[in-house]
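Peer 1: Next up is a structure, given as structure tokens.
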Amino acid sequence: MSTQPDLLYSEEEEALRAAVRDLLADHCDAPGVIARVESDAPHNRALWKALTDGMGLAGLLVPEELDGQGATHREAAVVLEELGRAVAPVPYLTSAVVATEALLACGTGDLLTELASGTSIGSLAVALDVAPGAAYQVVRHENGLLHGELAGIADAAVADVLLVPADDGGLYAVDATAATVTPQISLDLTRPLATVTLDGAPGRLLGDAEPAVRRALCAGAGLLASEQLGLADWTLTETVRYLKDRKQFNRPVGGFQALKHRLAQLWLEVANLRAAARNAADALSTGQDTDVAVTVAQAYAAPVAVHAAEEALQLHGGIGMTWEHPAHLYLKRAKADSIAYGTAGAHREALAGLVDLQAP
């Protein structure tokens with residue numbers, strides 16, 4: 001018996017949003033993010049510590065008996081909305097969602113406790129652009145050691161433990177110090193990619209890789225839509241605010257009808273994205289129609305987030321083109337997110353198969 005999804009935010013979720021937004025206002029302002037991505041250490045360790053030690057947010061999806069919060073994907077989605085609004089350079093999606101989901105599938109208690117407390121950061125060693133149902137690279141397992149190279153691994157540079165799929169079908173935990181992590185040139189500097197090279201690295205078998213990776217990528221794709229929602233909502237809000245203040249011919253630019261129409265269209269797209277993202281988060285938390293909800297959300301989210309960021313850049317005029325204005329951070333994140341965990345086209349194709357509605 002299926003029930004209708006609950007797309008509304010609860011009082012607890014709104015309280016969580018307010019707390020995370022206040023924290024980000026103190027620790028993650030735009031000039032600070034820009035300065036950080038210009039450095040050799042783009043990740044904000046202080047913010048990560050505040051999110052994990054101070055608020056326990058890394059353990060939202062981890063059961064209470066493993067020192068987690070025992071919450072659901074709905075709460076994690078709210079956190080990701082706010083992190084998306086701030087383009088926060090923290091490994092929340094990669095560690096607290098994707099790596100955590102992989103470990104939950106394997107039932108690995110000790111590593112889950114470490115990730116939940118924030119004392120360790122995990123990274124699933126699967127390329128960021130791999131969709132939930134797509135093939136992924138594996139390394140060679142030989143005499144108990146792992147050999148191979150994996151490219152496009154998000155947040156590997158800051159990870160303490162790498163979850164590596166091998167050719168024997170197992171998922172292995174590898175201490176990051178036993179791997180060579182080489183930064184790759186990334187469009188989105190707030191979520192850097194790296195190549196992971198294993199040259200006889202020891203690994204601890206966690207369980208079967210296939211179900212763990214599929215579960216992790218499905219959750220990653222579904223909750224990425226909430227990050228894209230936060231990003232799109234911020235760009236729309238800031239663009240409206242700017243057009244109210246900016247004057248041309250002695251009247252606010254936002255009063256021109258052509259711009260009103262563009263903003264109204266964008267508002268509709270963001271409102272629809274909110275429904276799709278909330279539906280995906282609710283489906284992940286209940287386990288009902290998860291595959292369909294996730295693919296619908298991802299098929300819709302990427303074009304909306306990119307459109308919102310492009311409109312923000314253009315409608316801010318000359319200042320939107322500058323490095324000092326944060327608009328470029330949002331456009332780069334939106335573009336990078338548009339291929340993360342599968343493109344919109346890949347998800348539309350997957351959706352056609354799920355609902356038995358093949359394209360002509």
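Letters for chains follow the order of the structure tokens (A, B, ...), residue numbers begin at 1 for each chain, and ligand numbers begin at 1 in the order shown.
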For the contact check between range 52-165 of chain A and range 268-285 of chain A, emit one row per residue of range 52-165 of chain A within 12 Å, containing the shortest atom pair and the distance in Å rounded to one decimal, counting only C-alpha atoms, chain then rising number order, as a Markdown table.
Peer 2:
```
| residue | atom | partner | partner_atom | distance |
| --- | --- | --- | --- | --- |
| A:Leu60 | CA | A:Ser285 | CA | 11.7 |
| A:Leu61 | CA | A:Ser285 | CA | 9.6 |
| A:Gly70 | CA | A:Ser285 | CA | 11.3 |
| A:Ala71 | CA | A:Ser285 | CA | 9.0 |
| A:Thr72 | CA | A:Ser285 | CA | 5.4 |
| A:His73 | CA | A:Ser285 | CA | 5.1 |
| A:Arg74 | CA | A:Ala281 | CA | 5.1 |
| A:Glu75 | CA | A:Ala281 | CA | 8.6 |
| A:Ala76 | CA | A:Ala281 | CA | 8.3 |
| A:Ala77 | CA | A:Ala281 | CA | 6.3 |
| A:Val78 | CA | A:Arg278 | CA | 9.2 |
| A:Val79 | CA | A:Ala281 | CA | 11.7 |
| A:Leu80 | CA | A:Ala281 | CA | 10.9 |
| A:Glu81 | CA | A:Ala277 | CA | 9.7 |
| A:Val97 | CA | A:Leu284 | CA | 11.6 |
| A:Glu101 | CA | A:Leu284 | CA | 11.2 |
```
Peer 1: Could you save the residues just selected, with C-alpha atoms, as a PDB file, in the first residue's frame?
Peer 2:
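Saved to again_34.pdb:
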```pdb
ATOM      1  CA  LEU A  60      22.189  12.220  10.211  1.00  0.00           C
ATOM      2  CA  LEU A  61      21.834   8.985   8.221  1.00  0.00           C
ATOM      3  CA  GLY A  70      19.141   8.291  13.345  1.00  0.00           C
ATOM      4  CA  ALA A  71      17.467  10.875  11.123  1.00  0.00           C
ATOM      5  CA  THR A  72      16.316  10.477   7.512  1.00  0.00           C
ATOM      6  CA  HIS A  73      17.217  11.694   4.056  1.00  0.00           C
ATOM      7  CA  ARG A  74      14.710  14.515   4.500  1.00  0.00           C
ATOM      8  CA  GLU A  75      16.874  16.147   7.156  1.00  0.00           C
ATOM      9  CA  ALA A  76      20.036  15.546   5.131  1.00  0.00           C
ATOM     10  CA  ALA A  77      18.305  17.191   2.171  1.00  0.00           C
ATOM     11  CA  VAL A  78      17.625  20.326   4.213  1.00  0.00           C
ATOM     12  CA  VAL A  79      21.300  20.518   5.174  1.00  0.00           C
ATOM     13  CA  LEU A  80      22.309  20.128   1.529  1.00  0.00           C
ATOM     14  CA  GLU A  81      19.909  22.884   0.473  1.00  0.00           C
ATOM     15  CA  VAL A  97      25.768  10.803   2.275  1.00  0.00           C
ATOM     16  CA  GLU A 101      25.292   4.946   2.403  1.00  0.00           C
TER      17      GLU A 101
END
```
Peer 1: Write out as a ChimeraX atom specification each polymer residue whose atoms come within 10 Å of range 338-342 of chain A, counting only C-alpha atoms; drop sequence neighbours fewer than 5 positions from it.
Peer 2: /A:126-134,154,217-222,224-225,228,295,298-299,301-306,332-333,347
Peer 1: Only C-alpha atoms, please: the residues just picked out, written as a PDB file, in the first residue's frame.
Peer 2:
```
ATOM      1  CA  VAL A 126      33.839   6.041  -7.953  1.00  0.00           C
ATOM      2  CA  ALA A 127      34.049   8.872 -10.463  1.00  0.00           C
ATOM      3  CA  LEU A 128      31.676  11.763  -9.723  1.00  0.00           C
ATOM      4  CA  ASP A 129      30.033  11.530 -13.152  1.00  0.00           C
ATOM      5  CA  VAL A 130      28.872   7.915 -12.757  1.00  0.00           C
ATOM      6  CA  ALA A 131      25.080   7.519 -12.697  1.00  0.00           C
ATOM      7  CA  PRO A 132      23.432   5.071 -10.239  1.00  0.00           C
ATOM      8  CA  GLY A 133      22.945   2.360 -12.865  1.00  0.00           C
ATOM      9  CA  ALA A 134      26.076   2.904 -14.924  1.00  0.00           C
ATOM     10  CA  ALA A 154      35.370  13.991  -5.568  1.00  0.00           C
ATOM     11  CA  LEU A 217      25.023   6.602  -5.955  1.00  0.00           C
ATOM     12  CA  CYS A 218      21.224   6.537  -5.779  1.00  0.00           C
ATOM     13  CA  ALA A 219      21.254   8.491  -2.518  1.00  0.00           C
ATOM     14  CA  GLY A 220      23.914  10.829  -3.871  1.00  0.00           C
ATOM     15  CA  ALA A 221      21.890  11.574  -7.007  1.00  0.00           C
ATOM     16  CA  GLY A 222      18.657  12.046  -5.071  1.00  0.00           C
ATOM     17  CA  LEU A 224      22.229  16.270  -5.027  1.00  0.00           C
ATOM     18  CA  ALA A 225      18.901  17.660  -6.272  1.00  0.00           C
ATOM     19  CA  GLN A 228      20.948  22.140  -6.731  1.00  0.00           C
ATOM     20  CA  THR A 295      15.633   9.937 -11.743  1.00  0.00           C
ATOM     21  CA  GLN A 298      17.927  14.568 -11.495  1.00  0.00           C
ATOM     22  CA  ALA A 299      16.395  14.815 -14.962  1.00  0.00           C
ATOM     23  CA  ALA A 301      17.415  19.595 -11.445  1.00  0.00           C
ATOM     24  CA  ALA A 302      20.509  20.157 -13.574  1.00  0.00           C
ATOM     25  CA  PRO A 303      18.937  22.325 -16.310  1.00  0.00           C
ATOM     26  CA  VAL A 304      17.166  24.476 -13.715  1.00  0.00           C
ATOM     27  CA  ALA A 305      20.281  25.028 -11.588  1.00  0.00           C
ATOM     28  CA  VAL A 306      22.391  25.903 -14.629  1.00  0.00           C
ATOM     29  CA  LYS A 332      30.706  26.452 -11.840  1.00  0.00           C
ATOM     30  CA  ARG A 333      29.009  24.369  -9.148  1.00  0.00           C
ATOM     31  CA  HIS A 347      18.417  10.048 -16.084  1.00  0.00           C
TER      32      HIS A 347
END
```
Peer 1: Skipping near chain neighbours, those fewer than 3 positions away, what residues fall within 12 Å of Tyr242 in chain A using only C-alpha atoms, listed as a list in words?
Peer 2: Thr235, Leu236, Thr237, Glu238, Thr239, Asp245, Arg246, Lys247, Pro252, Val253, Gly254, Gly255, Ala312, Leu313, Gln314, Leu315, His316, Gly317, Ile319 and Gly320 of chain A
Peer 1: Out of range 81-262 of chain A, which residues get alpha helix (DSSP H) from DSSP, as a CSV table (one decimal) with N, CA, C and O atoms, in the first residue's frame?
Peer 2:
```
chain,number,residue,atom,x,y,z
A,81,GLU,N,20.5,21.6,1.0
A,81,GLU,CA,19.9,22.9,0.5
A,81,GLU,C,20.7,24.1,1.0
A,81,GLU,O,21.1,25.0,0.2
A,82,GLU,N,21.0,24.1,2.2
A,82,GLU,CA,21.7,25.3,2.8
A,82,GLU,C,23.2,25.3,2.4
A,82,GLU,O,23.7,26.4,2.1
A,83,LEU,N,23.8,24.1,2.3
A,83,LEU,CA,25.2,24.1,1.8
A,83,LEU,C,25.2,24.5,0.3
A,83,LEU,O,26.2,25.1,-0.1
A,84,GLY,N,24.2,24.2,-0.5
A,84,GLY,CA,24.1,24.6,-1.8
A,84,GLY,C,24.0,26.1,-1.9
A,84,GLY,O,24.6,26.8,-2.8
A,85,ARG,N,23.2,26.7,-1.1
A,85,ARG,CA,23.0,28.1,-1.1
A,85,ARG,C,24.3,28.9,-0.8
A,85,ARG,O,24.5,30.0,-1.3
A,86,ALA,N,25.2,28.3,0.0
A,86,ALA,CA,26.5,28.9,0.3
A,86,ALA,C,27.6,28.4,-0.5
A,86,ALA,O,28.7,28.9,-0.3
A,100,THR,N,28.7,7.2,3.4
A,100,THR,CA,27.9,6.7,4.6
A,100,THR,C,26.9,5.6,4.1
A,100,THR,O,26.8,4.6,4.7
A,101,GLU,N,26.3,5.9,3.0
A,101,GLU,CA,25.3,4.9,2.4
A,101,GLU,C,26.0,3.6,2.0
A,101,GLU,O,25.4,2.6,2.1
A,102,ALA,N,27.2,3.8,1.4
A,102,ALA,CA,27.9,2.6,1.0
A,102,ALA,C,28.2,1.7,2.2
A,102,ALA,O,28.1,0.5,2.2
A,103,LEU,N,28.6,2.4,3.3
A,103,LEU,CA,29.0,1.6,4.5
A,103,LEU,C,27.7,1.0,5.2
A,103,LEU,O,27.7,-0.1,5.7
A,104,LEU,N,26.6,1.7,5.1
A,104,LEU,CA,25.3,1.2,5.6
A,104,LEU,C,24.9,-0.1,4.9
A,104,LEU,O,24.4,-1.0,5.5
A,105,ALA,N,25.2,-0.1,3.6
A,105,ALA,CA,24.9,-1.3,2.8
A,105,ALA,C,25.7,-2.5,3.2
A,105,ALA,O,25.3,-3.6,3.1
A,106,CYS,N,27.0,-2.2,3.7
A,106,CYS,CA,27.9,-3.2,4.1
A,106,CYS,C,27.8,-3.6,5.6
A,106,CYS,O,28.3,-4.6,6.0
A,109,GLY,N,30.1,-1.2,11.2
A,109,GLY,CA,29.8,-0.3,12.3
A,109,GLY,C,30.9,0.7,12.7
A,109,GLY,O,30.7,1.9,12.9
A,110,ASP,N,32.2,0.2,12.8
A,110,ASP,CA,33.2,1.1,13.3
A,110,ASP,C,33.5,2.3,12.4
A,110,ASP,O,33.7,3.4,12.8
A,111,LEU,N,33.5,2.0,11.1
A,111,LEU,CA,33.8,3.1,10.1
A,111,LEU,C,32.6,4.1,10.1
A,111,LEU,O,32.8,5.3,10.0
A,112,LEU,N,31.4,3.5,10.2
A,112,LEU,CA,30.2,4.4,10.3
A,112,LEU,C,30.3,5.3,11.5
A,112,LEU,O,29.9,6.5,11.4
A,113,THR,N,30.7,4.8,12.6
A,113,THR,CA,30.8,5.6,13.8
A,113,THR,C,31.8,6.8,13.6
A,113,THR,O,31.6,7.9,14.0
A,114,GLU,N,32.9,6.4,13.0
A,114,GLU,CA,34.0,7.5,12.7
A,114,GLU,C,33.4,8.5,11.7
A,114,GLU,O,33.7,9.7,12.0
A,115,LEU,N,32.7,8.1,10.7
A,115,LEU,CA,32.2,9.1,9.8
A,115,LEU,C,31.1,9.9,10.4
A,115,LEU,O,31.0,11.1,10.2
A,116,ALA,N,30.3,9.3,11.3
A,116,ALA,CA,29.2,10.0,11.9
A,116,ALA,C,29.7,11.1,12.9
A,116,ALA,O,29.1,12.2,13.0
A,117,SER,N,30.8,10.8,13.5
A,117,SER,CA,31.4,11.8,14.5
A,117,SER,C,32.2,12.9,13.8
A,117,SER,O,32.5,13.9,14.4
A,209,ALA,N,30.6,-5.0,-3.5
A,209,ALA,CA,30.7,-3.6,-4.0
A,209,ALA,C,29.4,-3.2,-4.7
A,209,ALA,O,28.9,-2.1,-4.5
A,210,GLU,N,28.8,-4.1,-5.5
A,210,GLU,CA,27.7,-3.7,-6.4
A,210,GLU,C,26.5,-3.1,-5.7
A,210,GLU,O,26.1,-2.0,-6.0
A,211,PRO,N,26.0,-3.8,-4.7
A,211,PRO,CA,24.8,-3.2,-4.0
A,211,PRO,C,25.2,-1.9,-3.2
A,211,PRO,O,24.4,-1.0,-3.1
A,212,ALA,N,26.4,-1.9,-2.7
A,212,ALA,CA,26.8,-0.8,-1.9
A,212,ALA,C,27.0,0.5,-2.8
A,212,ALA,O,26.5,1.6,-2.4
A,213,VAL,N,27.6,0.3,-3.9
A,213,VAL,CA,27.8,1.4,-4.8
A,213,VAL,C,26.5,1.9,-5.4
A,213,VAL,O,26.3,3.1,-5.5
A,214,ARG,N,25.6,1.0,-5.8
A,214,ARG,CA,24.3,1.4,-6.3
A,214,ARG,C,23.5,2.2,-5.3
A,214,ARG,O,22.9,3.2,-5.6
A,215,ARG,N,23.5,1.7,-4.1
A,215,ARG,CA,22.8,2.4,-3.0
A,215,ARG,C,23.4,3.8,-2.8
A,215,ARG,O,22.6,4.8,-2.6
A,216,ALA,N,24.7,3.8,-2.7
A,216,ALA,CA,25.4,5.1,-2.5
A,216,ALA,C,25.1,6.1,-3.6
A,216,ALA,O,24.8,7.3,-3.3
A,217,LEU,N,25.2,5.7,-4.8
A,217,LEU,CA,25.0,6.6,-6.0
A,217,LEU,C,23.6,7.0,-6.1
A,217,LEU,O,23.3,8.2,-6.5
A,218,CYS,N,22.6,6.2,-5.7
A,218,CYS,CA,21.2,6.5,-5.8
A,218,CYS,C,20.9,7.6,-4.8
A,218,CYS,O,20.3,8.6,-5.1
A,219,ALA,N,21.4,7.5,-3.5
A,219,ALA,CA,21.3,8.5,-2.5
A,219,ALA,C,22.0,9.8,-2.9
A,219,ALA,O,21.4,10.9,-2.7
A,220,GLY,N,23.2,9.6,-3.5
A,220,GLY,CA,23.9,10.8,-3.9
A,220,GLY,C,23.2,11.6,-4.9
A,220,GLY,O,23.1,12.8,-4.9
A,221,ALA,N,22.6,10.9,-5.9
A,221,ALA,CA,21.9,11.6,-7.0
A,221,ALA,C,20.6,12.2,-6.5
A,221,ALA,O,20.3,13.4,-6.8
A,222,GLY,N,19.9,11.5,-5.6
A,222,GLY,CA,18.7,12.0,-5.1
A,222,GLY,C,18.9,13.3,-4.2
A,222,GLY,O,18.1,14.3,-4.3
A,223,LEU,N,19.9,13.3,-3.4
A,223,LEU,CA,20.1,14.4,-2.5
A,223,LEU,C,20.9,15.5,-3.2
A,223,LEU,O,20.9,16.7,-2.7
A,224,LEU,N,21.6,15.2,-4.3
A,224,LEU,CA,22.2,16.3,-5.0
A,224,LEU,C,21.2,17.3,-5.5
A,224,LEU,O,21.4,18.5,-5.6
A,225,ALA,N,20.0,16.8,-5.8
A,225,ALA,CA,18.9,17.7,-6.3
A,225,ALA,C,18.6,18.7,-5.2
A,225,ALA,O,18.2,19.9,-5.6
A,226,SER,N,18.7,18.4,-4.0
A,226,SER,CA,18.5,19.4,-2.9
A,226,SER,C,19.6,20.4,-2.9
A,226,SER,O,19.3,21.6,-2.6
A,227,GLU,N,20.8,20.0,-3.1
A,227,GLU,CA,21.9,21.0,-3.2
A,227,GLU,C,21.7,21.9,-4.4
A,227,GLU,O,21.8,23.1,-4.3
A,228,GLN,N,21.2,21.3,-5.5
A,228,GLN,CA,20.9,22.1,-6.7
A,228,GLN,C,19.8,23.1,-6.5
A,228,GLN,O,19.8,24.2,-7.0
A,229,LEU,N,18.8,22.6,-5.7
A,229,LEU,CA,17.7,23.5,-5.3
A,229,LEU,C,18.2,24.7,-4.5
A,229,LEU,O,17.8,25.9,-4.8
A,230,GLY,N,19.0,24.5,-3.5
A,230,GLY,CA,19.6,25.6,-2.7
A,230,GLY,C,20.3,26.5,-3.5
A,230,GLY,O,20.2,27.8,-3.4
A,231,LEU,N,21.1,26.0,-4.5
A,231,LEU,CA,21.9,26.9,-5.4
A,231,LEU,C,21.0,27.7,-6.2
A,231,LEU,O,21.2,29.0,-6.3
A,232,ALA,N,20.0,27.1,-6.8
A,232,ALA,CA,19.1,27.9,-7.7
A,232,ALA,C,18.3,28.9,-6.9
A,232,ALA,O,18.0,30.0,-7.4
A,233,ASP,N,17.9,28.5,-5.7
A,233,ASP,CA,17.1,29.5,-4.9
A,233,ASP,C,17.9,30.7,-4.5
A,233,ASP,O,17.4,31.8,-4.5
A,234,TRP,N,19.2,30.5,-4.1
A,234,TRP,CA,20.0,31.6,-3.8
A,234,TRP,C,20.2,32.5,-5.0
A,234,TRP,O,20.1,33.7,-4.8
A,235,THR,N,20.5,32.0,-6.1
A,235,THR,CA,20.8,32.8,-7.3
A,235,THR,C,19.5,33.6,-7.7
A,235,THR,O,19.6,34.8,-8.1
A,236,LEU,N,18.3,33.0,-7.6
A,236,LEU,CA,17.1,33.7,-7.9
A,236,LEU,C,16.9,34.8,-6.9
A,236,LEU,O,16.6,36.0,-7.3
A,237,THR,N,17.0,34.5,-5.6
A,237,THR,CA,16.8,35.5,-4.6
A,237,THR,C,17.7,36.7,-4.7
A,237,THR,O,17.3,37.9,-4.6
A,238,GLU,N,19.0,36.4,-4.9
A,238,GLU,CA,20.0,37.5,-5.0
A,238,GLU,C,19.8,38.3,-6.3
A,238,GLU,O,20.0,39.5,-6.3
A,239,THR,N,19.4,37.7,-7.4
A,239,THR,CA,19.2,38.4,-8.6
A,239,THR,C,18.0,39.4,-8.5
A,239,THR,O,18.0,40.5,-8.9
A,240,VAL,N,16.9,38.9,-7.8
A,240,VAL,CA,15.7,39.7,-7.6
A,240,VAL,C,16.1,40.9,-6.7
A,240,VAL,O,15.8,42.1,-7.0
A,241,ARG,N,16.9,40.6,-5.7
A,241,ARG,CA,17.3,41.7,-4.8
A,241,ARG,C,18.2,42.7,-5.5
A,241,ARG,O,18.0,44.0,-5.3
A,242,TYR,N,19.1,42.3,-6.3
A,242,TYR,CA,19.9,43.2,-7.1
A,242,TYR,C,19.1,44.1,-8.0
A,242,TYR,O,19.4,45.3,-8.2
A,243,LEU,N,18.2,43.4,-8.7
A,243,LEU,CA,17.4,44.2,-9.7
A,243,LEU,C,16.5,45.2,-9.1
A,243,LEU,O,16.0,46.1,-9.8
A,244,LYS,N,16.1,45.0,-7.9
A,244,LYS,CA,15.3,46.0,-7.1
A,244,LYS,C,16.1,47.2,-6.8
A,244,LYS,O,15.6,48.3,-6.8
A,245,ASP,N,17.4,47.0,-6.5
A,245,ASP,CA,18.3,48.1,-6.1
A,245,ASP,C,19.0,48.8,-7.3
A,245,ASP,O,19.2,50.0,-7.3
A,257,GLN,N,9.6,45.1,-17.9
A,257,GLN,CA,8.7,43.9,-18.1
A,257,GLN,C,9.5,42.7,-18.6
A,257,GLN,O,9.2,41.5,-18.2
A,258,ALA,N,10.4,42.9,-19.5
A,258,ALA,CA,11.2,41.7,-20.1
A,258,ALA,C,11.9,41.0,-19.0
A,258,ALA,O,12.0,39.7,-19.0
A,259,LEU,N,12.5,41.7,-18.0
A,259,LEU,CA,13.2,41.1,-16.9
A,259,LEU,C,12.2,40.4,-15.9
A,259,LEU,O,12.5,39.3,-15.4
A,260,LYS,N,11.0,41.0,-15.7
A,260,LYS,CA,10.0,40.4,-14.9
A,260,LYS,C,9.6,39.0,-15.4
A,260,LYS,O,9.4,38.1,-14.7
A,261,HIS,N,9.5,39.0,-16.7
A,261,HIS,CA,9.1,37.7,-17.3
A,261,HIS,C,10.1,36.6,-17.1
A,261,HIS,O,9.8,35.5,-16.8
A,262,ARG,N,11.4,37.0,-17.3
A,262,ARG,CA,12.5,36.1,-17.1
A,262,ARG,C,12.5,35.6,-15.7
A,262,ARG,O,12.7,34.4,-15.4
```
Peer 1: Name the residues in contact with range 143-150 of chain A at a cut-off of 7 Å, using only C-alpha atoms, excluding same-chain residues fewer than 4 positions from it; report them as JSON, numbers by chain.
Peer 2: {"A": [125, 137, 139, 195, 196, 197, 198, 199, 200, 201, 202, 203]}
Peer 1: Please dump the current selection as an mmCIF file, in the first residue's frame; keep all heavy atoms.
Peer 2:
```
data_model
loop_
_atom_site.group_PDB
_atom_site.id
_atom_site.type_symbol
_atom_site.label_atom_id
_atom_site.label_comp_id
_atom_site.auth_asym_id
_atom_site.auth_seq_id
_atom_site.Cartn_x
_atom_site.Cartn_y
_atom_site.Cartn_z
ATOM 1 N N ALA A 125 35.369 5.723 -3.935
ATOM 2 C CA ALA A 125 36.293 5.885 -5.059
ATOM 3 C C ALA A 125 35.637 5.485 -6.375
ATOM 4 O O ALA A 125 36.083 4.565 -7.083
ATOM 5 C CB ALA A 125 37.564 5.088 -4.806
ATOM 6 N N GLN A 137 34.608 2.123 -12.742
ATOM 7 C CA GLN A 137 35.931 1.517 -12.760
ATOM 8 C C GLN A 137 36.209 0.752 -11.466
ATOM 9 O O GLN A 137 35.727 1.144 -10.395
ATOM 10 C CB GLN A 137 37.003 2.591 -12.929
ATOM 11 C CG GLN A 137 37.152 3.145 -14.336
ATOM 12 C CD GLN A 137 38.323 4.108 -14.416
ATOM 13 O OE1 GLN A 137 38.351 5.115 -13.728
ATOM 14 N NE2 GLN A 137 39.307 3.793 -15.245
ATOM 15 N N VAL A 139 39.541 -1.543 -9.338
ATOM 16 C CA VAL A 139 40.986 -1.788 -9.293
ATOM 17 C C VAL A 139 41.231 -3.298 -9.206
ATOM 18 O O VAL A 139 40.312 -4.087 -8.994
ATOM 19 C CB VAL A 139 41.643 -1.063 -8.099
ATOM 20 C CG1 VAL A 139 41.461 0.443 -8.216
ATOM 21 C CG2 VAL A 139 41.072 -1.574 -6.769
ATOM 22 N N THR A 195 42.746 12.138 -8.837
ATOM 23 C CA THR A 195 43.025 10.782 -9.304
ATOM 24 C C THR A 195 43.646 9.997 -8.148
ATOM 25 O O THR A 195 44.572 10.478 -7.504
ATOM 26 C CB THR A 195 43.991 10.801 -10.498
ATOM 27 O OG1 THR A 195 43.370 11.499 -11.580
ATOM 28 C CG2 THR A 195 44.332 9.394 -10.943
ATOM 29 N N VAL A 196 43.106 8.822 -7.894
ATOM 30 C CA VAL A 196 43.592 7.962 -6.811
ATOM 31 C C VAL A 196 44.373 6.815 -7.428
ATOM 32 O O VAL A 196 43.839 6.062 -8.253
ATOM 33 C CB VAL A 196 42.429 7.423 -5.968
ATOM 34 C CG1 VAL A 196 42.930 6.402 -4.960
ATOM 35 C CG2 VAL A 196 41.702 8.569 -5.256
ATOM 36 N N THR A 197 45.634 6.687 -7.039
ATOM 37 C CA THR A 197 46.486 5.618 -7.547
ATOM 38 C C THR A 197 46.855 4.674 -6.407
ATOM 39 O O THR A 197 47.351 5.114 -5.358
ATOM 40 C CB THR A 197 47.774 6.190 -8.179
ATOM 41 O OG1 THR A 197 47.413 7.135 -9.183
ATOM 42 C CG2 THR A 197 48.606 5.083 -8.793
ATOM 43 N N LEU A 198 46.589 3.403 -6.613
ATOM 44 C CA LEU A 198 46.909 2.380 -5.617
ATOM 45 C C LEU A 198 47.994 1.470 -6.194
ATOM 46 O O LEU A 198 47.811 0.884 -7.260
ATOM 47 C CB LEU A 198 45.667 1.559 -5.275
ATOM 48 C CG LEU A 198 44.452 2.341 -4.765
ATOM 49 C CD1 LEU A 198 43.266 1.413 -4.597
ATOM 50 C CD2 LEU A 198 44.776 3.035 -3.457
ATOM 51 N N ASP A 199 49.089 1.381 -5.484
ATOM 52 C CA ASP A 199 50.218 0.567 -5.947
ATOM 53 C C ASP A 199 50.567 -0.437 -4.857
ATOM 54 O O ASP A 199 51.515 -0.271 -4.096
ATOM 55 C CB ASP A 199 51.407 1.470 -6.275
ATOM 56 C CG ASP A 199 52.548 0.701 -6.926
ATOM 57 O OD1 ASP A 199 52.321 -0.458 -7.313
ATOM 58 O OD2 ASP A 199 53.656 1.263 -7.031
ATOM 59 N N GLY A 200 49.743 -1.476 -4.773
ATOM 60 C CA GLY A 200 49.938 -2.470 -3.726
ATOM 61 C C GLY A 200 49.459 -2.001 -2.370
ATOM 62 O O GLY A 200 50.074 -2.308 -1.342
ATOM 63 N N ALA A 201 48.336 -1.262 -2.342
ATOM 64 C CA ALA A 201 47.798 -0.746 -1.083
ATOM 65 C C ALA A 201 46.984 -1.832 -0.376
ATOM 66 O O ALA A 201 46.201 -2.541 -1.008
ATOM 67 C CB ALA A 201 46.925 0.470 -1.338
ATOM 68 N N PRO A 202 47.145 -1.969 0.931
ATOM 69 C CA PRO A 202 46.321 -2.933 1.665
ATOM 70 C C PRO A 202 44.893 -2.414 1.794
ATOM 71 O O PRO A 202 44.670 -1.212 1.941
ATOM 72 C CB PRO A 202 47.006 -3.013 3.031
ATOM 73 C CG PRO A 202 47.732 -1.713 3.174
ATOM 74 C CD PRO A 202 48.124 -1.294 1.794
ATOM 75 N N GLY A 203 43.947 -3.332 1.713
ATOM 76 C CA GLY A 203 42.549 -2.948 1.846
ATOM 77 C C GLY A 203 41.799 -3.903 2.746
ATOM 78 O O GLY A 203 42.099 -5.106 2.789
#
```
Peer 1: From the DSSP assignment of the backbone, select every residue of range 108-306 of chain A that is strand (DSSP E or B), and format the answer as a PyMOL selection string.
Peer 2: chain A and resi 122-124+139-142+145-154+161-166+170-175+180-183+193-202+204-208+247-248+251-252
Peer 1: What does the distance between CA of Ala336 in chain A and CA of Tyr300 in chain A come to in Å, to one decimal place?
Peer 2: 15.1 Å
Peer 1: Choose the residue, out of A:Gln184, A:Thr177, A:Trp48, A:Pro165, that has the smallest atom-to-atom separation from Thr119 in chain A; count only C-alpha atoms.
Peer 2: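 The answer is A:Trp48, which sits nearest to Thr119 in chain A.
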Peer 1: If we count only C-alpha atoms, what is near Gly207 in chain A at a cut-off of 6 Å, once residues fewer than 2 positions away on the same chain are taken out, given as a count of residues only?
Peer 2: 4
Peer 1: Excluding range 25-30 of chain A and residues on its chain fewer than 3 positions from it, collect all residues at most 12 Å away from it, counting only C-alpha atoms, and give them as a ChimeraX atom specification.
Peer 2: /A:18-22,33-37,43-51,82-90,190,323-330
Peer 1: Skipping near chain neighbours, those fewer than 2 positions away, what residues fall within 12 Å of Leu354 in chain A using only C-alpha atoms, listed as a PyMOL selection string?
Peer 2: chain A and resi 133+289-296+347-352+356-358
Peer 1: Do you have the CA of Glu11 in chain A-CA of Leu263 in chain A distance handy?
Peer 2: 29.1 Å
